[in-house]
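Shown here: structure09.csv, CSV, C-alpha atoms.
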```
chain,number,residue,atom,x,y,z
H,19,MET,CA,56.7,105.9,104.9
H,20,LEU,CA,59.2,105.1,102.1
H,21,THR,CA,59.7,101.6,100.7
H,22,LEU,CA,61.6,100.1,97.8
H,23,LYS,CA,59.4,99.1,94.9
H,24,SER,CA,61.6,96.0,94.2
H,25,GLY,CA,61.2,94.7,97.7
H,26,SER,CA,59.6,95.3,101.0
H,27,ARG,CA,62.6,96.6,102.8
H,28,PHE,CA,62.1,99.8,104.8
H,29,ILE,CA,64.8,102.5,104.5
H,30,SER,CA,64.9,104.3,107.8
H,31,ASN,CA,65.4,108.1,108.1
H,32,MET,CA,64.6,108.5,104.4
H,33,SER,CA,62.0,111.2,105.1
H,34,ARG,CA,64.7,113.8,105.8
H,35,PHE,CA,66.0,113.5,102.2
H,36,ALA,CA,64.2,115.3,99.4
H,37,LEU,CA,62.5,113.0,97.0
H,38,SER,CA,64.3,114.5,94.1
H,39,ARG,CA,67.8,113.7,95.6
H,40,GLN,CA,69.4,110.5,94.4
H,41,ILE,CA,70.6,108.3,97.2
H,42,TYR,CA,73.6,106.0,96.7
H,43,LEU,CA,73.7,102.8,98.6
H,44,SER,CA,76.1,99.8,98.6
H,45,CYS,CA,74.8,96.4,97.9
H,46,ARG,CA,76.4,93.0,98.6
H,47,LYS,CA,75.1,91.5,95.4
H,48,GLN,CA,77.4,91.1,92.4
H,49,VAL,CA,75.8,92.5,89.2
H,50,ASP,CA,76.9,92.5,85.6
H,51,SER,CA,76.8,96.3,85.1
H,52,ASP,CA,78.5,99.0,87.1
H,53,GLU,CA,75.2,100.0,88.7
H,54,TRP,CA,71.5,99.2,88.5
H,55,ARG,CA,68.5,101.3,89.3
H,56,THR,CA,65.3,100.7,91.3
H,57,HIS,CA,62.7,103.3,92.3
H,58,LEU,CA,61.9,104.7,95.7
H,59,THR,CA,58.1,105.1,96.3
H,60,ASN,CA,56.5,107.6,98.7
H,61,ASN,CA,53.3,105.8,99.9
H,62,ASN,CA,51.6,109.1,100.8
H,63,THR,CA,51.8,110.7,97.3
H,64,GLY,CA,52.5,107.6,95.1
H,65,GLU,CA,55.5,109.4,93.5
H,66,THR,CA,58.5,107.4,92.5
H,67,THR,CA,62.0,108.6,92.6
H,68,PRO,CA,65.0,106.8,91.0
H,69,LEU,CA,67.3,105.2,93.6
H,70,THR,CA,70.8,104.4,92.5
H,71,VAL,CA,72.2,101.2,94.1
H,72,GLY,CA,75.9,100.4,93.3
H,73,VAL,CA,78.2,97.5,93.7
H,74,GLU,CA,79.8,97.2,97.1
H,75,LYS,CA,83.3,98.8,97.2
H,76,THR,CA,86.1,96.6,98.5
H,77,ILE,CA,89.8,97.1,99.3
H,78,ASN,CA,92.6,94.9,98.2
H,79,SER,CA,95.7,96.7,99.4
H,80,VAL,CA,99.2,95.4,100.4
H,81,THR,CA,102.1,97.4,101.8
H,82,LEU,CA,105.4,95.8,102.3
H,83,LEU,CA,108.8,97.0,103.4
H,84,GLY,CA,111.6,94.5,103.1
H,85,ARG,CA,114.7,93.4,101.2
H,86,VAL,CA,114.9,92.2,97.6
H,87,GLY,CA,115.7,88.4,97.7
H,88,SER,CA,116.5,87.9,94.0
H,89,ASN,CA,117.4,90.1,91.1
H,90,PRO,CA,114.3,91.0,89.0
H,91,VAL,CA,113.6,88.8,86.0
H,92,LYS,CA,111.5,89.7,82.9
H,93,ARG,CA,109.0,87.0,82.0
H,94,GLY,CA,105.9,86.5,80.0
H,95,SER,CA,105.4,87.3,76.3
H,96,LEU,CA,106.1,90.4,74.2
H,97,GLU,CA,102.3,91.3,74.4
H,98,HIS,CA,102.1,90.6,78.2
H,99,PRO,CA,105.5,91.1,79.8
H,100,VAL,CA,105.9,90.9,83.6
H,101,VAL,CA,108.9,91.5,85.9
H,102,THR,CA,109.1,89.4,89.0
H,103,PHE,CA,111.3,89.4,92.1
H,104,SER,CA,111.1,88.1,95.6
H,105,LEU,CA,110.9,90.2,98.7
H,106,ALA,CA,111.7,89.2,102.3
H,107,THR,CA,110.0,90.7,105.3
H,108,ASN,CA,110.8,89.8,109.0
H,109,SER,CA,108.7,89.4,112.1
H,110,ASN,CA,110.4,89.3,115.5
H,111,TYR,CA,109.0,87.4,118.4
H,112,SER,CA,110.3,87.5,122.0
H,113,TYR,CA,109.5,84.8,124.5
H,114,PRO,CA,109.0,85.3,128.3
H,115,ASN,CA,112.4,83.5,128.9
H,116,GLY,CA,114.2,86.3,126.9
H,117,ASP,CA,114.7,84.3,123.7
H,118,VAL,CA,114.1,86.2,120.5
H,119,ASN,CA,113.1,84.5,117.3
H,120,GLN,CA,112.9,86.0,113.8
H,121,LYS,CA,110.6,84.6,111.1
H,122,THR,CA,111.1,85.5,107.5
H,123,GLU,CA,108.2,85.6,105.0
H,124,TRP,CA,108.9,85.6,101.3
H,125,HIS,CA,106.7,87.4,98.8
H,126,ARG,CA,106.5,87.1,95.1
H,127,ILE,CA,106.3,90.6,93.5
H,128,CYS,CA,104.9,91.0,90.0
H,129,VAL,CA,105.2,94.3,88.1
H,130,PHE,CA,103.0,94.8,85.0
H,131,LYS,CA,103.0,98.6,84.6
H,132,PRO,CA,105.4,99.5,81.8
H,133,TYR,CA,107.2,102.4,83.4
H,134,LEU,CA,107.6,100.6,86.7
H,135,ARG,CA,108.7,97.4,85.0
H,136,ASP,CA,111.6,99.2,83.3
H,137,SER,CA,112.6,101.0,86.5
H,138,ILE,CA,112.6,97.8,88.5
H,139,LEU,CA,114.8,96.0,85.9
H,140,LYS,CA,117.2,99.0,85.8
H,141,TYR,CA,117.5,100.0,89.5
H,142,THR,CA,116.6,97.0,91.7
H,143,ASN,CA,119.3,94.6,93.0
H,144,LYS,CA,119.3,91.7,95.4
H,145,GLY,CA,119.6,92.9,99.1
H,146,GLN,CA,118.2,96.3,98.4
H,147,ARG,CA,115.6,97.7,100.8
H,148,VAL,CA,112.3,98.6,99.0
H,149,PHE,CA,108.8,99.7,99.9
H,150,VAL,CA,106.1,98.0,97.8
H,151,GLN,CA,102.5,99.1,97.5
H,152,GLY,CA,100.1,96.9,95.5
H,153,ARG,CA,97.4,94.3,95.7
H,154,ILE,CA,97.3,90.5,96.4
H,155,ILE,CA,96.2,88.0,93.7
H,156,TYR,CA,95.8,84.2,94.0
H,157,GLY,CA,96.1,81.7,91.2
H,158,GLU,CA,96.7,78.0,90.3
H,159,VAL,CA,99.5,76.4,88.4
H,160,LYS,CA,99.3,72.8,87.0
H,161,GLU,CA,102.6,71.1,87.5
H,162,PRO,CA,104.0,68.6,84.9
H,163,GLU,CA,103.0,65.7,87.3
H,164,GLY,CA,99.4,66.9,87.1
H,165,ASN,CA,99.3,68.3,90.6
H,166,LEU,CA,97.5,71.7,91.1
H,167,ARG,CA,99.6,74.2,93.1
H,168,HIS,CA,98.1,77.3,94.6
H,169,THR,CA,100.0,80.6,94.2
H,170,CYS,CA,99.9,84.0,95.8
H,171,SER,CA,101.5,87.1,94.4
H,172,ILE,CA,101.7,90.8,95.0
H,173,VAL,CA,101.0,93.0,92.0
H,174,ALA,CA,103.0,96.1,92.6
H,175,ASP,CA,101.5,99.5,91.8
H,176,ASP,CA,104.4,101.5,93.3
H,177,VAL,CA,108.0,100.7,94.5
H,178,ILE,CA,110.0,103.1,96.5
H,179,TYR,CA,113.8,102.6,96.9
H,180,PHE,CA,115.7,103.2,100.2
H,181,ARG,CA,119.2,104.3,100.2
H,182,ASN,CA,121.8,101.8,101.4
H,183,ASN,CA,123.8,102.8,104.4
H,184,SER,CA,127.2,102.1,102.8
```

As structure tokens, how would this structure be written, given the file I've shared?
Amino acid sequence: MLTLKSGSRFISNMSRFALSRQIYLSCRKQVDSDEWRTHLTNNNTGETTPLTVGVEKTINSVTLLGRVGSNPVKRGSLEHPVVTFSLATNSNYSYPNGDVNQKTEWHRICVFKPYLRDSILKYTNKGQRVFVQGRIIYGEVKEPEGNLRHTCSIVADDVIYFRNNS
């Protein structure tokens, strides 16, 4: 029987793995370093084998296809520039009586990558159809009145342009 030295959890089906092989597991605990080690003990022989346990992998991925709502604007400082623009996506709903409704969602797109920033400023215009891949971030902004406003933005990793049908 194989058990973890740092706890009494039993790892099932471990006997089929060679004791010299490192086993990578995900853990749901946030740690300061990239990974931390514990040891796997074989109760029959008393031998210990290092067991590598890493931080749980997660996915923060956003894919949008829509139309640019405003011309891109360069903001931030010289050390930390950012280009922002809005993007509209639509959802269509049909009701049993035949009515069709369209809801528009607006997204704030932020571009930090230098080569992509320059490309967005040069080639992106209001009304253009673009495909954006990136990740979502949340933040807070304190307004002059003292109110705290929550924000949501998409940090673009890639933008693909679609040709206009003109």

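Each of H:His98, H:Arg181, H:Lys92, H:His168 was compared to H:Gly145 using only C-alpha atoms, and H:Arg181 turns out to be the nearest.
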
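Here atom CA of H:Trp124 and atom CA of H:Leu82 stand 10.8 Å from one another.
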
Who sits within 10 Å of H:Ile172, all atoms listed in the file, same chain under 5 positions skipped, as JSON, numbers by chain: {"H": [79, 80, 81, 82, 102, 104, 105, 125, 126, 127, 128, 129, 150, 151, 152, 153, 154, 155, 156]}

Computed interatomic separation between atom CA of H:Asn110 and atom CA of H:Leu83 (Å): 14.4 Å

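The space between atom CA of H:Asp176 and atom CA of H:Val159 spans 26.0 Å.
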
Protein/DNA/RNA residues near (104.1, 98.2, 86.6), cut 10 Å, all atoms listed in the file, as JSON, numbers by chain: {"H": [99, 100, 101, 128, 129, 130, 131, 132, 133, 134, 135, 136, 137, 138, 152, 173, 174, 175, 176, 177]}

Residues near H:Asn143, anyone? I mean within 8 Å using all atoms listed in the file, not counting same-chain ones fewer than 5 positions away, as a PDB file with C-alpha atoms, in the coordinates of the input.
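So the final result, stored in part.pdb, reads:
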```
ATOM      1  CA  VAL H  86     114.900  92.200  97.600  1.00  0.00           C
ATOM      2  CA  SER H  88     116.500  87.900  94.000  1.00  0.00           C
ATOM      3  CA  ASN H  89     117.400  90.100  91.100  1.00  0.00           C
ATOM      4  CA  PRO H  90     114.300  91.000  89.000  1.00  0.00           C
TER       5      PRO H  90
END
```

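Here the question is which of H:Leu139, H:Glu158, H:Leu166, H:Ile77 gets nearest to H:Phe103 using all atoms listed in the file, and that residue is H:Leu139.
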
Selection near H:Arg147, 6 Å with all atoms listed in the file, sequence-local residues under 2 positions removed, as a VMD selection string: chain H and resid 84 to 85 180

Write a file of the selected residues as a PDB file, keeping the file's coordinate frame, keeping C-alpha atoms.
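Final output, again-v7.pdb:
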```pdb
ATOM      1  CA  GLY H  84     111.600  94.500 103.100  1.00  0.00           C
ATOM      2  CA  ARG H  85     114.700  93.400 101.200  1.00  0.00           C
ATOM      3  CA  PHE H 180     115.700 103.200 100.200  1.00  0.00           C
TER       4      PHE H 180
END
```
